[in-house]
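The block underneath contains the structure these notes are about, expressed in structure tokens.
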Amino acid sequence: MVSRSLSSADHDVISQVPLLAALGEERLNTLLGTCKVESHARGEHLFRAGDVAEYFYILLSGHLRLVKTSAQGDETVMHFLTEAGSFAEAVSFAGRSYPVECQVVENCEIVAIPRTAYLGILKSAPDVLGDVLASLLRWERFFLEEIYKLRHTRPIQRIAAFLIDFEDRNGATIDGASGKNFPDKRQIASRIGITPETFSRSLRKLEATGAISAGPKLQVLDRAALLELAR
Amino acid sequence: MRDIDRISSVLQSGRYFKNWPQDDILELASLCTWGRYEPDTVMIRAEDPASALFLIVNGHVELSYTDGDGKDGVIDLLGDGQLVGECALAPDACYAVSIKTLDATTAIRIDGAAFADFLSAHFDRALTMMSVVTERLCQMLRQTEELKCRSAAQRLGIYLLADAVPVGDAHETPLTMEKSALARKIGMTSETFSRALKKLSEHGVSQHSSGHIIRIADTEMLAEWCGLSNSGTWEEQSDGFKVAI
């Protein structure tokens with residue numbers, strides 16, 4: 001891991017993160033005064049499950065995944081992080097341990113915000129507590145959506161919805177030419193909670209509709225058709 | 001007994017506010033009202049402005065989520081002592097889920113805006129509420145993991161293990177809610193629930209007293225089949241999983 005000082009461009013990105021925007025410019029500058037931009041290489045871990053959450057993080061660039069490992073050693077991908085934004089703030093504020101581990105999928109830049117520094121500033125700014133809670137509650141929306149999909153949608157819908165969502169969050173068509181690819185197929189299957197066998201079968205069905213090309217790299221061919229299949 | 005005294009007593013005995021000083025409990029109680037709801041009453045409607053939190057005193061409620069295409073589905077059932085509608089603490093928020101009573105339900109309604117003002121003036125209490133939200137998020141994470149990683153029969157097996165009590169040389173679990181409601185809680189249809197019970201019968205699980213009592217012949221064997229690890233007792237693990245599922 002290497003680190004550098006925050007640039008004005010980094011500052012602009014960070015000041016858009018709701019959790020930090022709520023503090024106002026002066027308090028935000030105080031908070032960021034001691035922070036650095038950390039560069040992490042593919043394969044590194046930002047934190048492991050069970051580590052005390054002394055920091056929460058702002059992702060500036062790159063690609064991370066949050067993984068839960070069962071007592072039997074089975075890994076489940078809980079989320080891919082590809083957009084600039086905060087994560088791990090809820091467990092950090094509560095002074096708990098991280099419930100998942102965070103792995104670097106593609107080289108990334110992050111800013112680690114110390115929990116104690118943030119809460120110290122928050123204590124002097126009780127008027128922004130509501131905005132902070134609102135920021136935590138966006139994760140509630142994320143999990144509600146997850147649970148709904150797992151309980152009430154078919155595998156083929158989940159795959160279609162994942163591909164559309166992943167493209168949307170990356171802001172570009174993912175065709176390999178732009179250097180951006182969908183995650184590995186096994187990782188997608190784990191992320192959306194279906195077995196590799198069901199994933200392969202569903203992918204073949206999707207390919208037969210002409211909405212995607214399944215190999216060797218996943219590619220969306222007909223976004224409108226894929227959107228329809230996601231419903 | 002006055003309403004405010006009864007509300008204070010309930011708040012103080014519940015899991016969320018039990019460590020609060022008496023003065024803060026009384027101040028919070030002054031922001032609350034009792035509510036009694038008939039079965040099938042919509043207490044909260046998704047996307048309505050979030051104006052209040054509700055603490056379920058007794059009864060059961062069903063949470064349902066509506067996706068972007070307007071389709072909805074049940075995502076959880078909650079009962080006594082559970083808090084819902086925390087988003088009412090955030091400015092200009094809307095409810096994320098709809099909540100409907102399954103049976104006659106009593107709940108304490110906490111005015112959201114007034115509670116948010118109270119928290120602004122009591123930082124330590126605000127941290128408590130952040131912990132409540134965090135605990136909810138961690139439960140949802142575990143629920144997501146369970147739905148991804150375990151079969152319907154394994155999830156039902158874990159649920160039954162959590163409530164099992166020793167009876168003779170076996171264990172028994174009384175079913176305290178209708179099977180259809182339990183099926184929805186664990187995230188499966190009634191048909192899948194029946195198939196899961198049939199599958200569990202291959203692992204020493206049988207129904208008695210017209211299906212109101214479930215008998216487990218060998219809890220250790222069932223726990224192993226359900227994928228509970230060897231570290232820690234299965235009782236501890238299944239309790240944790242029961243909260244999650």
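Labels for the structure tokens follow display order: chains A, B, ..., residues from 1 in each chain, ligands from 1.
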B:Leu197 environment, 9 Å, only C-alpha atoms, sequence neighbours closer than 6 positions dropped, as a list in words: Ala153, Leu156, Gly157, Val205, Ser206 and Gln207 of chain B
Residue neighbourhood B:Leu31, 10 Å, only C-alpha atoms, exclusion window fewer than 4 positions, as a ChimeraX atom specification: /B:4,26-27,108-115,118
For B:Ala217, the nearest of the candidates B:Asp80, B:Glu135, B:Asp124, B:Asp169, counting only C-alpha atoms: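 The closest residue to B:Ala217 is B:Asp169.
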Within 9 Å of stretch 136-138 of chain A using only C-alpha atoms, minus same-chain residues under 6 positions, as number ranges by chain: A: 19, 89-90; B: 86-87, 90, 130, 133-134, 137
Would you mind exporting the chosen residues as a PDB file, in the first residue's frame, restricted to C-alpha atoms?
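result01.pdb was written with the following content:
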```pdb
ATOM      1  CA  LEU A  19     -22.226  11.274   4.942  1.00  0.00           C
ATOM      2  CA  GLU A  89     -19.778   3.404   8.106  1.00  0.00           C
ATOM      3  CA  ALA A  90     -22.614   1.700  10.024  1.00  0.00           C
TER       4      ALA A  90
ATOM      5  CA  GLU B  86     -36.425   4.187  11.824  1.00  0.00           C
ATOM      6  CA  CYS B  87     -36.314   6.197   8.606  1.00  0.00           C
ATOM      7  CA  ALA B  90     -34.131  11.201   8.812  1.00  0.00           C
ATOM      8  CA  MET B 130     -27.233   4.450  15.201  1.00  0.00           C
ATOM      9  CA  VAL B 133     -29.850   0.843  12.694  1.00  0.00           C
ATOM     10  CA  THR B 134     -26.509  -0.984  12.478  1.00  0.00           C
ATOM     11  CA  LEU B 137     -28.350  -3.846   8.819  1.00  0.00           C
TER      12      LEU B 137
END
```
Hey, could you make a per-residue contact list for stretch 98-163 of chain B against stretch 119-131 of chain A with 7 Å as the cut-off, showing the nearest pair of atoms and its distance in Å to one decimal, counting only C-alpha atoms, sorted by chain and number, as a tab-separated table?
```
residue	atom	partner	partner_atom	distance
B:Ala116	CA	A:Gly130	CA	6.8
B:Ser120	CA	A:Pro126	CA	4.8
B:Ala121	CA	A:Pro126	CA	7.0
B:Phe123	CA	A:Lys123	CA	6.4
```
N, CA and C atoms of the current selection, written as an mmCIF file, in the first residue's frame:
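The resulting out.cif:
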```cif
data_model
loop_
_atom_site.group_PDB
_atom_site.id
_atom_site.type_symbol
_atom_site.label_atom_id
_atom_site.label_comp_id
_atom_site.auth_asym_id
_atom_site.auth_seq_id
_atom_site.Cartn_x
_atom_site.Cartn_y
_atom_site.Cartn_z
ATOM 1 N N ALA B 116 -36.307 12.955 16.524
ATOM 2 C CA ALA B 116 -35.062 13.424 15.894
ATOM 3 C C ALA B 116 -34.534 14.660 16.635
ATOM 4 N N SER B 120 -30.938 15.055 18.633
ATOM 5 C CA SER B 120 -29.983 16.142 18.370
ATOM 6 C C SER B 120 -29.470 16.748 19.669
ATOM 7 N N ALA B 121 -30.292 16.706 20.689
ATOM 8 C CA ALA B 121 -29.909 17.283 21.980
ATOM 9 C C ALA B 121 -29.283 16.261 22.923
ATOM 10 N N PHE B 123 -26.562 13.408 22.411
ATOM 11 C CA PHE B 123 -25.668 12.711 21.479
ATOM 12 C C PHE B 123 -25.521 11.225 21.813
#
```
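Taking the backbone of this structure through DSSP, the residues of stretch 80-124 of chain A that come out as alpha helix (DSSP H) are A:Glu89, A:Ala90, A:Val91, A:Ser92, A:Phe93, A:Arg115, A:Thr116, A:Ala117, A:Tyr118, A:Leu119, A:Gly120, A:Ile121, A:Leu122, A:Lys123.
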Neighbours of chain B in chain A at 8 Å, counting only C-alpha atoms, as number ranges by chain: A: 68, 71-72, 76, 78, 90-91, 93-94, 99, 123, 126-127, 129-131, 133-134, 136-137, 139-141, 143-148, 150-152, 190, 192-194, 231
Any chance you could export the current selection's C-alpha atoms as a PDB file, in the first residue's frame?
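Output file result-v6.pdb is given in full below:
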```pdb
ATOM      1  CA  LYS A  68     -18.615 -13.354   3.844  1.00  0.00           C
ATOM      2  CA  ALA A  71     -17.755 -21.412   9.365  1.00  0.00           C
ATOM      3  CA  GLN A  72     -17.215 -24.172   6.774  1.00  0.00           C
ATOM      4  CA  THR A  76     -20.182 -15.676  -0.579  1.00  0.00           C
ATOM      5  CA  MET A  78     -22.160  -9.924  -0.667  1.00  0.00           C
ATOM      6  CA  ALA A  90     -22.614   1.700  10.024  1.00  0.00           C
ATOM      7  CA  VAL A  91     -20.436  -0.888  11.802  1.00  0.00           C
ATOM      8  CA  PHE A  93     -20.097   4.207  14.065  1.00  0.00           C
ATOM      9  CA  ALA A  94     -21.454   1.432  16.268  1.00  0.00           C
ATOM     10  CA  PRO A  99     -18.981  -8.588   9.435  1.00  0.00           C
ATOM     11  CA  LYS A 123     -20.753  15.546  18.532  1.00  0.00           C
ATOM     12  CA  PRO A 126     -25.831  17.520  16.326  1.00  0.00           C
ATOM     13  CA  ASP A 127     -27.929  19.277  13.673  1.00  0.00           C
ATOM     14  CA  LEU A 129     -27.397  13.695  12.851  1.00  0.00           C
ATOM     15  CA  GLY A 130     -30.544  13.231  10.770  1.00  0.00           C
ATOM     16  CA  ASP A 131     -28.534  13.420   7.542  1.00  0.00           C
ATOM     17  CA  LEU A 133     -28.891   8.485   9.782  1.00  0.00           C
ATOM     18  CA  ALA A 134     -30.338   9.012   6.312  1.00  0.00           C
ATOM     19  CA  LEU A 136     -26.966   4.795   6.910  1.00  0.00           C
ATOM     20  CA  LEU A 137     -30.512   4.036   5.819  1.00  0.00           C
ATOM     21  CA  TRP A 139     -27.848   0.586   3.079  1.00  0.00           C
ATOM     22  CA  GLU A 140     -31.225  -0.553   4.449  1.00  0.00           C
ATOM     23  CA  ARG A 141     -32.686   0.077   0.978  1.00  0.00           C
ATOM     24  CA  PHE A 143     -30.541  -4.962   1.701  1.00  0.00           C
ATOM     25  CA  LEU A 144     -34.328  -4.710   1.276  1.00  0.00           C
ATOM     26  CA  GLU A 145     -33.812  -4.913  -2.471  1.00  0.00           C
ATOM     27  CA  GLU A 146     -31.418  -7.840  -2.028  1.00  0.00           C
ATOM     28  CA  ILE A 147     -33.775  -9.815   0.202  1.00  0.00           C
ATOM     29  CA  TYR A 148     -36.737  -9.091  -2.054  1.00  0.00           C
ATOM     30  CA  LEU A 150     -33.623 -13.509  -3.310  1.00  0.00           C
ATOM     31  CA  ARG A 151     -37.115 -14.360  -2.086  1.00  0.00           C
ATOM     32  CA  HIS A 152     -39.260 -13.372  -5.018  1.00  0.00           C
ATOM     33  CA  SER A 190     -22.185 -16.068  -5.677  1.00  0.00           C
ATOM     34  CA  ILE A 192     -26.781 -13.058  -6.686  1.00  0.00           C
ATOM     35  CA  GLY A 193     -27.173 -16.264  -4.698  1.00  0.00           C
ATOM     36  CA  ILE A 194     -27.490 -19.021  -7.274  1.00  0.00           C
ATOM     37  CA  ARG A 231     -38.870  -7.643 -14.808  1.00  0.00           C
TER      38      ARG A 231
END
```
